[in-house]
Amino acid sequence: MAVIEVTALRKRYADLVVLDDVSFSVEEGEIFGILGPNGAGKTTTVECVEGLRRGDSGSIRVLGLDPIGDGPKVREQIGVQLQQTQLPENLKVWEALDLYASFYARPRDWRELLEEWGLADKRDARFGKLSGGQKQRLFIALALVGNPRVAFLDELTTGLDPLARRTTWELIKRIKANGVTVVLVSHFMDEVEELCDRVAVFDRGRVVAVDTPAGLVGGEHQMRFTLMTDGDVSGLEAVPGVAEVSRTGNRVVVTGRGDFATAVTAQLARQHVLVSDLRIDKRTLDDAFTALTGRSFN
């Protein structure tokens, strides 16, 4: 069941078209990514879906409701972590959770969230004293304190070090495991590939593709290796998924689709062909973005 449906959404400021005929849907229980470079229209789209902005035309339904006309009902069922989130420096962790819980008719017990998100030992810590990762865990807890069916997380890992980013990814997976649909806004390719079931790729205010990360990447990959002996590789052309085999001296490049590399490796073993310097060059989401838009992601 689609919990979010966006159809032909348009938004402009004076002569600047921010969103141009944006359409996509989000299914219940998935992590849905909204991916694109800065300025692509991602945050504006999500703010319209959340009811924080009004589109100029088009329609939006969140859990069957209009986020503008049915604003209070929608806000009771969603959790939001904004791109620019800040709290008073002296506000204590428990005070923030207690305050946010008071906004909802049937909130989670914020004490449980302290335990669940690893903040119990920071209960009385002031916001300004938290590390970047601890702040992100608090923001997630605040987005979940209202018992939402849908959680919106906007650029959640920007500014975090690699370890904190990976830790945050595991927290996002846990949100999904708890039955909450997640809309994740990001400009990090690796983040979307790691977390998202499906992704809408934005460019210059338009949705240029909606698919799984693997579906977007698609295309052919290349497997490269060096023959350690003068072996015969002609049989590789018949391996399922292989499109082309080229050889220059002892250097071999095999081009194919899907999981052809596993089959190629097995065939080499059957033929007793020894190789070295084996490398698989896969297409990336950056490659897919370039193919879709004709320009680099950055």
# chains A, B, ... in the order shown; residues from 1 in each chain; ligands from 1
>>> residues_around(residues="segment 185-196 of chain A", least_positions_apart="4", cutoff="6 Å", atoms="only C-alpha atoms", output="PyMOL selection string")
chain A and resi 31-37+154-155+213
>>> select_by_dssp(residues="segment 123-297 of chain A", states="alpha helix (DSSP H)", output="PyMOL selection string")
chain A and resi 132-144+162-177+189-195+213-217+260-270+285-293
>>> residues_around(residues="Asp281 of chain A", least_positions_apart="6", cutoff="12 Å", atoms="only C-alpha atoms", output="list in words")
Gly219, Glu220, His221, Gln222, Met223, Arg224, Phe225, Val253, Val254, Thr255, Gly256, Arg257, Ala261 and Asp287 of chain A
>>> residues_around(residues="Pro67 of chain A", least_positions_apart="3", cutoff="12 Å", atoms="only C-alpha atoms", output="list of chain:residue names")
A:Ile4, A:Glu5, A:Val6, A:Val46, A:Glu47, A:Cys48, A:Val49, A:Glu50, A:Gly51, A:Leu52, A:Arg53, A:Arg54, A:Gly55, A:Ser59, A:Ile60, A:Arg61, A:Val62, A:Leu63, A:Gly64, A:Asp70, A:Gly71, A:Pro72, A:Lys73, A:Val74, A:Arg75, A:Glu76, A:Gln77, A:Ile78
>>> residues_around(residues="segment 164-174 of chain A", least_positions_apart="6", cutoff="9 Å", atoms="only C-alpha atoms", output="JSON, numbers by chain")
{"A": [31, 117, 132, 133, 136, 137, 140, 156, 157, 158, 182, 191, 194, 195]}
>>> write_last_selection(atoms="N, CA and C atoms", output="PDB file, in the first residue's frame")
ATOM      1  N   ILE A  31      12.303   1.776   3.068  1.00  0.00           N
ATOM      2  CA  ILE A  31      13.133   2.970   3.172  1.00  0.00           C
ATOM      3  C   ILE A  31      13.217   3.541   1.769  1.00  0.00           C
ATOM      4  N   TRP A 117      17.896   4.205  21.980  1.00  0.00           N
ATOM      5  CA  TRP A 117      18.829   4.922  21.118  1.00  0.00           C
ATOM      6  C   TRP A 117      20.135   5.279  21.811  1.00  0.00           C
ATOM      7  N   GLY A 132      28.510  14.920  17.812  1.00  0.00           N
ATOM      8  CA  GLY A 132      27.687  14.920  16.604  1.00  0.00           C
ATOM      9  C   GLY A 132      26.823  13.682  16.494  1.00  0.00           C
ATOM     10  N   GLY A 133      27.397  12.505  16.795  1.00  0.00           N
ATOM     11  CA  GLY A 133      26.629  11.264  16.731  1.00  0.00           C
ATOM     12  C   GLY A 133      25.534  11.203  17.770  1.00  0.00           C
ATOM     13  N   GLN A 136      22.636  13.284  16.634  1.00  0.00           N
ATOM     14  CA  GLN A 136      21.842  12.612  15.610  1.00  0.00           C
ATOM     15  C   GLN A 136      20.941  11.557  16.232  1.00  0.00           C
ATOM     16  N   ARG A 137      21.421  10.824  17.228  1.00  0.00           N
ATOM     17  CA  ARG A 137      20.574   9.846  17.906  1.00  0.00           C
ATOM     18  C   ARG A 137      19.417  10.540  18.619  1.00  0.00           C
ATOM     19  N   ILE A 140      16.830  11.510  16.003  1.00  0.00           N
ATOM     20  CA  ILE A 140      16.040  10.344  15.614  1.00  0.00           C
ATOM     21  C   ILE A 140      14.989  10.045  16.684  1.00  0.00           C
ATOM     22  N   LEU A 156      20.612  13.299   7.218  1.00  0.00           N
ATOM     23  CA  LEU A 156      20.860  12.926   8.607  1.00  0.00           C
ATOM     24  C   LEU A 156      22.340  12.803   8.941  1.00  0.00           C
ATOM     25  N   THR A 157      23.176  12.412   7.981  1.00  0.00           N
ATOM     26  CA  THR A 157      24.572  12.109   8.309  1.00  0.00           C
ATOM     27  C   THR A 157      25.552  13.180   7.839  1.00  0.00           C
ATOM     28  N   THR A 158      25.041  14.298   7.345  1.00  0.00           N
ATOM     29  CA  THR A 158      25.938  15.373   6.909  1.00  0.00           C
ATOM     30  C   THR A 158      26.786  15.865   8.081  1.00  0.00           C
ATOM     31  N   VAL A 182      10.295   4.839   6.170  1.00  0.00           N
ATOM     32  CA  VAL A 182      11.302   5.900   6.266  1.00  0.00           C
ATOM     33  C   VAL A 182      11.467   6.569   4.908  1.00  0.00           C
ATOM     34  N   GLU A 191      25.263   6.053   0.862  1.00  0.00           N
ATOM     35  CA  GLU A 191      24.211   5.959   1.864  1.00  0.00           C
ATOM     36  C   GLU A 191      22.935   5.380   1.261  1.00  0.00           C
ATOM     37  N   GLU A 194      23.319   1.683   0.416  1.00  0.00           N
ATOM     38  CA  GLU A 194      23.351   0.847   1.619  1.00  0.00           C
ATOM     39  C   GLU A 194      21.967   0.677   2.234  1.00  0.00           C
ATOM     40  N   LEU A 195      21.136   1.734   2.223  1.00  0.00           N
ATOM     41  CA  LEU A 195      19.930   1.748   3.043  1.00  0.00           C
ATOM     42  C   LEU A 195      18.617   1.576   2.293  1.00  0.00           C
TER      43      LEU A 195
END
>>> select_by_dssp(residues="segment 51-200 of chain A", states="strand (DSSP E or B)", output="JSON, numbers by chain")
{"A": [57, 58, 59, 60, 61, 62, 65, 78, 79, 80, 81, 92, 126, 150, 151, 152, 153, 154, 181, 182, 183, 184, 185, 186, 198, 199, 200]}
>>> write_last_selection(atoms="C-alpha atoms", output="short mmCIF file (atom, residue, chain, number, x, y, z; two decimals), in the first residue's frame")
data_model
loop_
_atom_site.label_atom_id
_atom_site.label_comp_id
_atom_site.auth_asym_id
_atom_site.auth_seq_id
_atom_site.Cartn_x
_atom_site.Cartn_y
_atom_site.Cartn_z
CA SER A 57 -0.15 22.71 -8.25
CA GLY A 58 -0.35 18.94 -8.19
CA SER A 59 -1.58 16.67 -5.42
CA ILE A 60 -0.07 15.03 -2.32
CA ARG A 61 -1.53 12.33 -0.14
CA VAL A 62 0.09 11.11 3.06
CA LEU A 65 -4.72 12.62 3.83
CA ILE A 78 4.58 11.37 10.98
CA GLY A 79 7.95 12.08 12.55
CA VAL A 80 10.29 14.67 11.11
CA GLN A 81 14.01 15.30 11.39
CA LYS A 92 18.79 18.66 28.64
CA ARG A 126 22.83 19.44 27.87
CA VAL A 150 6.25 7.51 8.59
CA ALA A 151 9.57 9.12 9.53
CA PHE A 152 11.27 11.78 7.41
CA LEU A 153 15.04 12.02 7.80
CA ASP A 154 16.68 14.89 5.88
CA THR A 181 8.24 3.68 6.79
CA VAL A 182 11.30 5.90 6.27
CA VAL A 183 11.77 8.69 3.73
CA LEU A 184 15.50 9.41 3.60
CA VAL A 185 16.76 12.57 1.90
CA SER A 186 20.43 12.36 0.97
CA ARG A 198 13.88 2.27 -3.74
CA VAL A 199 15.08 5.74 -4.66
CA ALA A 200 13.81 8.77 -6.58
#
>>> closest_residue(among="A:Phe127, A:Glu28, A:Thr293, A:Val17", to="Gly41 of chain A", atoms="only C-alpha atoms")
A:Val17
